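Pasted below: protein_23.txt, compact mmCIF, C-alpha atoms (C1' of nucleotides).
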# COMPACT_ATOMS: atom_id res chain seq x y z
CA MET A 1 12.50 -7.72 -5.53
CA ALA A 2 15.77 -5.93 -4.97
CA ALA A 3 16.28 -3.60 -7.89
CA GLU A 4 19.77 -4.78 -8.60
CA GLY A 5 20.40 -1.97 -11.01
CA PHE A 6 19.57 0.78 -8.57
CA GLU A 7 22.06 3.60 -8.72
CA LEU A 8 22.05 5.85 -5.70
CA ASN A 9 23.99 8.33 -7.74
CA ALA A 10 21.04 8.68 -10.06
CA PHE A 11 18.55 9.14 -7.27
CA LEU A 12 17.56 12.77 -7.16
CA PRO A 13 16.51 13.22 -3.53
CA TYR A 14 19.83 11.89 -2.29
CA ARG A 15 21.90 13.79 -4.79
CA LEU A 16 20.08 17.06 -4.47
CA ASN A 17 20.18 16.92 -0.73
CA ARG A 18 23.88 16.31 -0.74
CA ALA A 19 24.57 19.18 -3.09
CA ALA A 20 22.18 21.53 -1.31
CA GLU A 21 23.59 20.74 2.08
CA PHE A 22 27.11 21.22 0.88
CA VAL A 23 26.57 24.67 -0.59
CA ALA A 24 24.21 25.79 2.20
CA VAL A 25 26.38 24.93 5.19
CA ARG A 26 29.22 27.26 4.35
CA PHE A 27 27.04 30.17 3.50
CA ALA A 28 24.97 29.63 6.64
CA ALA A 29 28.12 29.82 8.71
CA GLU A 30 28.76 33.28 7.30
CA TYR A 31 25.44 34.92 8.01
CA LYS A 32 25.12 33.15 11.30
CA ALA A 33 28.45 34.55 12.46
CA ARG A 34 27.78 38.06 11.24
CA TYR A 35 24.09 38.52 11.91
CA GLN A 36 23.06 35.69 14.26
CA LEU A 37 20.51 34.74 11.63
CA THR A 38 19.15 31.22 11.49
CA ARG A 39 18.60 29.46 8.20
CA PRO A 40 14.81 29.86 8.20
CA GLU A 41 15.23 33.52 9.07
CA TRP A 42 17.60 34.13 6.19
CA ARG A 43 15.37 32.24 3.81
CA THR A 44 12.34 34.22 4.88
CA LEU A 45 14.23 37.49 4.60
CA ALA A 46 15.41 36.45 1.17
CA ALA A 47 11.96 35.51 -0.05
CA LEU A 48 10.53 38.83 1.09
CA GLY A 49 13.49 40.88 -0.04
CA SER A 50 13.41 39.46 -3.53
CA SER A 51 9.71 40.01 -3.93
CA ALA A 52 8.33 43.19 -5.44
CA ARG A 53 5.23 43.02 -3.29
CA ALA A 54 4.18 41.88 0.18
CA MET A 55 3.76 38.14 0.65
CA THR A 56 1.73 36.04 3.04
CA ALA A 57 3.36 33.49 5.31
CA THR A 58 1.95 30.70 3.19
CA GLU A 59 3.51 32.19 0.09
CA VAL A 60 6.85 32.44 1.82
CA GLY A 61 6.55 28.78 2.76
CA THR A 62 5.77 27.71 -0.77
CA HIS A 63 8.49 29.83 -2.27
CA SER A 64 11.16 28.54 0.05
CA ALA A 65 9.81 25.02 0.62
CA MET A 66 9.75 25.58 4.37
CA HIS A 67 7.29 24.14 6.83
CA LYS A 68 4.71 26.64 8.00
CA THR A 69 5.85 26.49 11.60
CA LYS A 70 9.36 27.34 10.51
CA VAL A 71 8.01 30.31 8.61
CA SER A 72 5.85 31.37 11.52
CA ARG A 73 8.77 31.41 13.93
CA ALA A 74 11.10 33.07 11.46
CA VAL A 75 8.54 35.81 10.86
CA SER A 76 8.23 36.42 14.59
CA ALA A 77 11.98 36.61 14.97
CA LEU A 78 12.37 39.03 12.08
CA GLU A 79 9.53 41.13 13.41
CA GLU A 80 11.22 41.39 16.79
CA ARG A 81 14.33 42.64 15.04
CA ARG A 82 12.12 45.19 13.31
CA TRP A 83 13.24 43.94 9.93
CA LEU A 84 9.70 43.02 8.97
CA LYS A 85 6.21 44.30 9.53
CA ARG A 86 2.87 42.59 9.26
CA SER A 87 -0.37 44.11 8.13
CA GLU A 88 -3.64 42.34 7.99
CA ASP A 89 -5.66 41.98 4.86
CA ALA A 90 -8.75 44.14 4.75
CA ASP A 91 -10.92 41.55 3.05
CA ASP A 92 -9.66 38.37 4.69
CA ARG A 93 -8.50 38.78 8.23
CA ARG A 94 -6.82 35.39 8.31
CA LEU A 95 -4.11 36.67 6.01
CA GLU A 96 -1.18 38.78 7.00
CA HIS A 97 0.85 40.62 4.46
CA LEU A 98 4.54 40.57 5.24
CA GLU A 99 6.93 43.28 4.16
CA LEU A 100 10.44 44.27 5.05
CA THR A 101 10.96 47.50 6.92
CA LYS A 102 13.60 49.96 5.84
CA ALA A 103 16.03 48.30 8.25
CA GLY A 104 15.03 44.94 6.81
CA ARG A 105 15.72 46.03 3.26
CA LEU A 106 19.05 47.40 4.33
CA ALA A 107 19.95 44.10 5.97
CA TYR A 108 18.76 42.26 2.90
CA GLY A 109 21.05 44.40 0.80
CA GLU A 110 24.02 43.53 2.96
CA LEU A 111 23.14 39.87 2.94
CA THR A 112 22.80 39.79 -0.81
CA ASP A 113 26.27 41.25 -1.06
CA LEU A 114 27.53 38.31 0.93
CA ALA A 115 25.43 36.01 -1.21
CA SER A 116 26.78 37.41 -4.45
CA ALA A 117 30.32 36.95 -3.27
CA TYR A 118 29.57 33.40 -2.28
CA GLN A 119 27.83 32.70 -5.55
CA ALA A 120 30.89 33.97 -7.38
CA GLN A 121 33.00 31.42 -5.51
CA LEU A 122 30.56 28.70 -6.46
CA ASP A 123 30.55 29.80 -10.08
CA GLU A 124 34.27 29.47 -10.20
CA LEU A 125 34.26 26.14 -8.43
CA ILE A 126 31.60 24.64 -10.65
CA GLY A 127 32.51 26.18 -13.96
CA VAL A 128 30.34 27.86 -16.54
CA GLY A 129 29.20 24.70 -18.28
CA GLY A 130 28.14 22.94 -15.14
CA LEU A 131 26.40 26.00 -13.88
CA LYS A 132 24.39 26.43 -17.04
CA ALA A 133 23.32 22.81 -16.99
CA LEU A 134 22.44 23.01 -13.34
CA CYS A 135 20.30 26.09 -13.87
CA ALA A 136 18.47 24.49 -16.74
CA GLY A 137 17.84 21.41 -14.67
CA LEU A 138 16.68 23.38 -11.68
CA GLU A 139 14.32 25.33 -13.86
CA ALA A 140 12.80 22.08 -15.04
CA ILE A 141 12.33 20.96 -11.46
CA GLU A 142 10.88 24.28 -10.46
CA ARG A 143 8.34 24.13 -13.23
CA ALA A 144 7.48 20.61 -12.14
CA ILE A 145 7.12 21.78 -8.56
CA ASP A 146 4.79 24.57 -9.58
CA ARG A 147 2.67 22.17 -11.55
CA ALA A 148 2.58 19.68 -8.71
CA GLU A 149 1.82 22.44 -6.23
CA GLU A 150 -1.20 23.44 -8.25
CA ARG A 151 -2.67 19.97 -8.31
CA HIS A 152 -1.80 18.65 -4.89
CA PRO A 153 -1.65 21.81 -2.82
CA ARG A 154 0.31 20.11 0.03
CA LYS A 155 -0.91 19.72 3.58
CA MET B 156 26.25 48.58 -1.17
CA ALA B 157 23.07 46.69 -1.83
CA ALA B 158 23.68 44.56 -4.89
CA GLU B 159 20.64 45.86 -6.69
CA GLY B 160 20.94 43.22 -9.35
CA PHE B 161 20.88 40.30 -6.97
CA GLU B 162 18.62 37.53 -8.18
CA LEU B 163 17.56 35.10 -5.52
CA ASN B 164 16.51 32.77 -8.28
CA ALA B 165 20.08 32.51 -9.42
CA PHE B 166 21.42 31.86 -5.94
CA LEU B 167 22.34 28.21 -5.74
CA PRO B 168 22.01 27.52 -2.01
CA TYR B 169 18.45 28.81 -1.97
CA ARG B 170 17.44 27.11 -5.17
CA LEU B 171 19.05 23.79 -4.44
CA ASN B 172 17.60 23.69 -0.98
CA ARG B 173 14.14 24.36 -2.29
CA ALA B 174 14.38 21.65 -4.90
CA ALA B 175 15.99 19.16 -2.55
CA GLU B 176 13.45 19.73 0.15
CA PHE B 177 10.61 19.36 -2.27
CA VAL B 178 11.69 16.01 -3.66
CA ALA B 179 12.90 14.68 -0.31
CA VAL B 180 9.79 15.35 1.75
CA ARG B 181 7.48 13.11 -0.20
CA PHE B 182 9.87 10.23 -0.38
CA ALA B 183 10.66 10.55 3.32
CA ALA B 184 6.97 10.23 4.09
CA GLU B 185 6.95 6.86 2.31
CA TYR B 186 9.83 5.17 4.08
CA LYS B 187 8.88 6.71 7.35
CA ALA B 188 5.39 5.26 7.13
CA ARG B 189 6.53 1.83 6.00
CA TYR B 190 9.75 1.31 7.92
CA GLN B 191 9.79 3.96 10.67
CA LEU B 192 13.09 5.08 9.20
CA THR B 193 14.35 8.59 9.81
CA ARG B 194 16.03 10.56 7.09
CA PRO B 195 19.56 10.15 8.44
CA GLU B 196 18.92 6.44 8.84
CA TRP B 197 17.77 6.03 5.25
CA ARG B 198 20.67 8.06 3.98
CA THR B 199 23.15 6.01 5.95
CA LEU B 200 21.56 2.78 4.79
CA ALA B 201 21.67 4.05 1.23
CA ALA B 202 25.31 5.06 1.41
CA LEU B 203 26.31 1.67 2.77
CA GLY B 204 24.00 -0.31 0.52
CA SER B 205 25.31 1.36 -2.60
CA SER B 206 28.92 0.82 -1.68
CA ALA B 207 30.80 -2.25 -2.77
CA ARG B 208 32.93 -2.26 0.35
CA ALA B 209 32.61 -1.34 4.02
CA MET B 210 32.75 2.34 4.87
CA THR B 211 33.74 4.27 7.96
CA ALA B 212 31.34 6.68 9.66
CA THR B 213 33.36 9.59 8.39
CA GLU B 214 33.07 8.33 4.84
CA VAL B 215 29.33 7.98 5.21
CA GLY B 216 29.20 11.54 6.45
CA THR B 217 31.20 12.84 3.51
CA HIS B 218 29.24 10.84 0.98
CA SER B 219 25.88 12.00 2.26
CA ALA B 220 26.88 15.46 3.51
CA MET B 221 25.58 14.66 6.98
CA HIS B 222 26.96 15.93 10.26
CA LYS B 223 28.98 13.34 12.11
CA THR B 224 26.62 13.23 15.07
CA LYS B 225 23.75 12.48 12.72
CA VAL B 226 25.74 9.64 11.25
CA SER B 227 26.74 8.37 14.65
CA ARG B 228 23.16 8.18 15.84
CA ALA B 229 21.89 6.71 12.61
CA VAL B 230 24.53 4.02 12.77
CA SER B 231 23.50 3.13 16.32
CA ALA B 232 19.86 2.92 15.29
CA LEU B 233 20.61 0.71 12.30
CA GLU B 234 22.81 -1.47 14.43
CA GLU B 235 20.02 -1.96 16.94
CA ARG B 236 17.77 -3.06 14.11
CA ARG B 237 20.51 -5.49 13.13
CA TRP B 238 20.69 -4.02 9.68
CA LEU B 239 24.31 -3.06 10.12
CA LYS B 240 27.39 -4.39 11.82
CA ARG B 241 30.55 -2.68 12.90
CA SER B 242 34.04 -4.12 12.92
CA GLU B 243 37.10 -2.37 14.10
CA ASP B 244 40.09 -1.78 11.95
CA ALA B 245 43.07 -3.93 12.82
CA ASP B 246 45.66 -1.24 12.19
CA ASP B 247 43.81 1.82 13.45
CA ARG B 248 41.49 1.13 16.30
CA ARG B 249 39.79 4.50 16.03
CA LEU B 250 38.12 3.40 12.81
CA GLU B 251 35.09 1.25 12.54
CA HIS B 252 34.14 -0.40 9.29
CA LEU B 253 30.42 -0.38 8.70
CA GLU B 254 28.63 -3.00 6.63
CA LEU B 255 25.05 -4.02 6.12
CA THR B 256 23.96 -7.38 7.47
CA LYS B 257 21.93 -9.74 5.33
CA ALA B 258 18.77 -8.23 6.81
CA GLY B 259 20.15 -4.80 6.06
CA ARG B 260 20.82 -5.63 2.43
CA LEU B 261 17.35 -7.05 2.14
CA ALA B 262 15.85 -3.88 3.54
CA TYR B 263 18.05 -1.84 1.25
CA GLY B 264 16.70 -3.82 -1.68
CA GLU B 265 13.14 -3.08 -0.69
CA LEU B 266 13.90 0.57 -0.13
CA THR B 267 15.57 0.91 -3.51
CA ASP B 268 12.45 -0.51 -5.09
CA LEU B 269 10.51 2.29 -3.50
CA ALA B 270 13.19 4.71 -4.57
CA SER B 271 13.12 3.55 -8.17
CA ALA B 272 9.38 3.95 -8.33
CA TYR B 273 9.66 7.41 -6.88
CA GLN B 274 12.45 8.32 -9.25
CA ALA B 275 10.26 7.22 -12.15
CA GLN B 276 7.59 9.64 -11.00
CA LEU B 277 10.15 12.40 -10.81
CA ASP B 278 11.46 11.54 -14.26
CA GLU B 279 8.04 11.91 -15.69
CA LEU B 280 7.35 15.11 -13.81
CA ILE B 281 10.60 16.74 -14.83
CA GLY B 282 10.98 15.45 -18.35
CA VAL B 283 13.94 13.93 -20.09
CA GLY B 284 15.57 17.16 -21.10
CA GLY B 285 15.42 18.72 -17.67
CA LEU B 286 16.64 15.55 -16.07
CA LYS B 287 19.65 15.31 -18.32
CA ALA B 288 20.58 18.91 -17.66
CA LEU B 289 20.10 18.45 -13.95
CA CYS B 290 22.33 15.40 -13.87
CA ALA B 291 25.04 17.16 -15.79
CA GLY B 292 24.85 20.09 -13.42
CA LEU B 293 24.88 17.89 -10.34
CA GLU B 294 27.90 16.07 -11.65
CA ALA B 295 29.69 19.36 -12.01
CA ILE B 296 28.83 20.25 -8.42
CA GLU B 297 29.87 16.85 -7.17
CA ARG B 298 33.24 17.14 -8.84
CA ALA B 299 33.59 20.57 -7.29
CA ILE B 300 32.65 19.17 -3.89
CA ASP B 301 35.23 16.44 -4.16
CA ARG B 302 37.89 18.91 -5.09
CA ALA B 303 36.92 21.24 -2.27
CA GLU B 304 36.76 18.33 0.16
CA GLU B 305 40.32 17.40 -0.68
CA ARG B 306 41.67 20.83 0.03
CA HIS B 307 39.56 21.95 2.99
CA PRO B 308 38.73 18.66 4.66
CA ARG B 309 35.84 20.13 6.74
CA LYS B 310 35.64 20.11 10.50
C1' DG C 311 60.28 7.21 24.18
C1' DC C 312 57.58 11.45 25.27
C1' DC C 313 54.85 15.55 24.31
C1' DT C 314 51.67 17.76 21.39
C1' DA C 315 48.45 17.99 17.69
C1' DT C 316 45.11 15.56 15.04
C1' DT C 317 41.50 12.40 14.01
C1' DA C 318 37.39 8.94 14.76
C1' DG C 319 33.59 8.60 16.99
C1' DT C 320 30.28 9.51 21.12
C1' DT C 321 27.48 12.17 24.27
C1' DG C 322 25.41 16.05 27.37
C1' DC C 323 22.70 19.72 26.77
C1' DA C 324 20.45 23.65 24.94
C1' DA C 325 18.30 24.98 20.78
C1' DT C 326 15.51 23.83 16.91
C1' DC C 327 12.08 21.18 14.57
C1' DG C 328 7.65 18.91 13.14
C1' DT C 329 3.29 16.80 14.44
C1' DA C 330 -0.95 17.54 16.05
C1' DA C 331 -4.04 20.29 18.11
C1' DC C 332 -5.65 24.78 18.55
C1' DT C 333 -7.89 29.68 17.42
C1' DA C 334 -9.83 32.52 14.24
C1' DT C 335 -11.78 33.43 9.96
C1' DC C 336 -13.92 32.59 5.65
C1' DG C 337 -16.85 30.18 2.07
C1' DA C 338 -20.39 27.20 0.75
C1' DT C 339 -24.62 24.73 1.66
C1' DT C 340 -28.90 24.49 3.26
C1' DA D 341 -28.24 32.67 9.68
C1' DA D 342 -26.65 28.22 11.27
C1' DT D 343 -23.71 24.56 10.21
C1' DC D 344 -19.90 22.28 8.13
C1' DG D 345 -15.55 22.12 5.95
C1' DA D 346 -11.48 24.39 4.56
C1' DT D 347 -7.70 27.69 5.25
C1' DA D 348 -4.12 31.04 7.69
C1' DG D 349 -1.40 31.13 11.17
C1' DT D 350 0.17 29.91 16.16
C1' DT D 351 1.69 26.96 19.83
C1' DA D 352 2.44 23.00 23.19
C1' DC D 353 5.21 19.29 23.44
C1' DG D 354 7.93 15.35 22.34
C1' DA D 355 11.55 14.24 18.98
C1' DT D 356 15.55 15.60 16.51
C1' DT D 357 19.44 18.46 15.93
C1' DG D 358 24.13 20.54 16.32
C1' DC D 359 27.63 22.57 19.19
C1' DA D 360 31.03 21.82 22.33
C1' DA D 361 33.26 18.91 25.18
C1' DC D 362 34.64 14.43 25.79
C1' DT D 363 37.29 9.63 25.24
C1' DA D 364 40.33 6.92 22.82
C1' DA D 365 43.68 6.23 19.56
C1' DT D 366 47.24 7.68 16.08
C1' DA D 367 50.86 10.64 13.99
C1' DG D 368 54.53 13.71 13.96
C1' DG D 369 58.14 16.16 15.90
C1' DC D 370 62.03 16.33 19.00
Using C-alpha cells, write down the structure from this file.
Amino acid sequence: MAAEGFELNAFLPYRLNRAAEFVAVRFAAEYKARYQLTRPEWRTLAALGSSARAMTATEVGTHSAMHKTKVSRAVSALEERRWLKRSEDADDRRLEHLELTKAGRLAYGELTDLASAYQAQLDELIGVGGLKALCAGLEAIERAIDRAEERHPRK
Amino acid sequence: MAAEGFELNAFLPYRLNRAAEFVAVRFAAEYKARYQLTRPEWRTLAALGSSARAMTATEVGTHSAMHKTKVSRAVSALEERRWLKRSEDADDRRLEHLELTKAGRLAYGELTDLASAYQAQLDELIGVGGLKALCAGLEAIERAIDRAEERHPRK
DNA sequence: GCCTATTAGTTGCAATCGTAACTATCGATT
DNA sequence: AATCGATAGTTACGATTGCAACTAATAGGC
C-alpha cells in the first residue's frame, strides 16, 4: 500500500511546477505592470514572435502547453490590440493562420528585451552548471513530450 | 532595441511552464477522477504528507509555490474531508500548525502510490540521462529559490 | 504601556479558467 | 452526394483564481 519510500522531492510534476511557478511569477509581474498583458497573452505573443512562419491556434497551444480556450481568448485579445492578424487558409477554412503585425513584432521585441534581462538574472542566480544541467534535462522532456504528442494527440 | 538573438527556447519561464504543465495535467486528471481532489488540494496534501513535522500555511505556500489564498482554501477543503487538522501555536496565536489525520495519511499513501506509478512512466519516457540532468538542474534552481526566498521574502 | 508596522490567515468580489456543448468545415465511407 | 466521424476554433456557464481589503495577533520602537 503506502509507498513508504516515496520522495516528493523526486516527483517531477510537483518539482517542475514549483520551479516554473517561481520563475514565472516575477516575470509576469513585470509585463503585466508595463503592458497589461496576461500570461496567456504573453505566451501566445512569444510563440508567434519566435516562429519564422505563421502558426495556427492549435500549434500555439501545443507549443506553449496551453488549453485551446486560453489560446482562443489570448488571440482575440492580441487581435484587438492590433498586435496580431488572422488569415484563413485557402485549402482548409477551419484553420486560421496567425501572424504578428508590425506593432506586434515591435512589442515582441520590447518584451524579449525584458525577458533577456530577466533570464540574465536567473542565469546568475542558478549558476552555469545548474543551468546547463537544467537545459539538458528540459530538452529530454521536450523530446519526450513531442514523442508523446505524436502518439496520443491530446484531447 | 529588439534583442534579435532572443531564443524563446532558452527562456526558462516559458520552457519550465511548458514542461510543468505537460507533466501535471495528466497526473491531475488521475487524482481528480479518483478522489475529486483539486490541484491545490493535492499539493497541500503532498507538502504535509512528505513533511516529518507539522507545517504552517505559510510554509506550505513556500514549499509548493502556491498563493496563500490557494493554500487557505485547500486547507479548509482538506479539513472538511477530515484529512487534516489544525492546532494553534501556544506562543503565537496567529500561527496554525497543520497536520494530516490518520485518514489523511492513508489517503496520502494511496496518492503516492499513484504518483510513483506515474513517475515511473515519466522515467521511462524521459530516459535515465535526461532525468539525471533534470534533477541536477532542478536542484540548482531550488537552491537559488531558497536563497532568493531568504532575501526577498515575497509578499 | 502605547503607537505603528508587520505578519498569519481569511474573505468579498471581479476576473480568469476549463468543461462541455456548439458551429463550421473537412475527410472518408458507402 | 449523403452520412458519419474527426478536427479547428468559439462560447456559455459554473468553478476557480488572485487582488485587495479585512481581522487578529505579534514585534519593535519610544
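Between atom CA of A:Thr44 and atom CA of A:Glu30 lies a distance of 16.6 Å.
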Near stretch 85-88 of chain A, counting all atoms listed in the file, which residues have an atom at most 7 Å away, once you skip same-chain residues fewer than 5 positions from it, shown as a PDB file with C-alpha atoms, in the frame of the given file?
ATOM      1  CA  GLU A  79       9.530  41.130  13.410  1.00  0.00           C
ATOM      2  CA  ARG A  93      -8.500  38.780   8.230  1.00  0.00           C
ATOM      3  CA  LEU A  95      -4.110  36.670   6.010  1.00  0.00           C
ATOM      4  CA  GLU A  96      -1.180  38.780   7.000  1.00  0.00           C
ATOM      5  CA  HIS A  97       0.850  40.620   4.460  1.00  0.00           C
ATOM      6  CA  LEU A  98       4.540  40.570   5.240  1.00  0.00           C
ATOM      7  CA  GLU A  99       6.930  43.280   4.160  1.00  0.00           C
ATOM      8  CA  LEU A 100      10.440  44.270   5.050  1.00  0.00           C
ATOM      9  CA  THR A 101      10.960  47.500   6.920  1.00  0.00           C
TER      10      THR A 101
END
Specify as a tab-separated table (two decimals) with C-alpha atoms, in the coordinates of the input all residues of chain B found within 8 Å of chain D, counting all atoms listed in the file.
chain	number	residue	atom	x	y	z
B	224	THR	CA	26.62	13.23	15.07
B	247	ASP	CA	43.81	1.82	13.45
B	248	ARG	CA	41.49	1.13	16.30
B	249	ARG	CA	39.79	4.50	16.03
request  = Compute the chain B side of the contact with chain A at 8 Å, counting all atoms listed in the file, and hand it back as a ChimeraX atom specification.
outcome  = /B:156-159,161-163,165-179,182,198,201-202,205,218-220,261,263-265,267-268,270-271,274,280-282,285-300
request  = Dump as a PyMOL selection string the residues of chain C that approach chain A to within 10 Å, counting all atoms listed in the file.
outcome  = chain C and resi 326-328+334-336
Hey, can I get the axis-aligned box for stretch 347-366 of chain D? All listed atoms, 4 Å padding on each side, centre and edge lengths in Å to one decimal, as lines of an AutoDock Vina configuration file.
center_x = 19.8
center_y = 18.7
center_z = 15.5
size_x = 62.9
size_y = 32.9
size_z = 28.5
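Distances to B:Leu239 were evaluated for B:Leu192, B:Leu200, B:Val226, B:Ala272 using all atoms listed in the file, and the minimum falls at B:Leu200.
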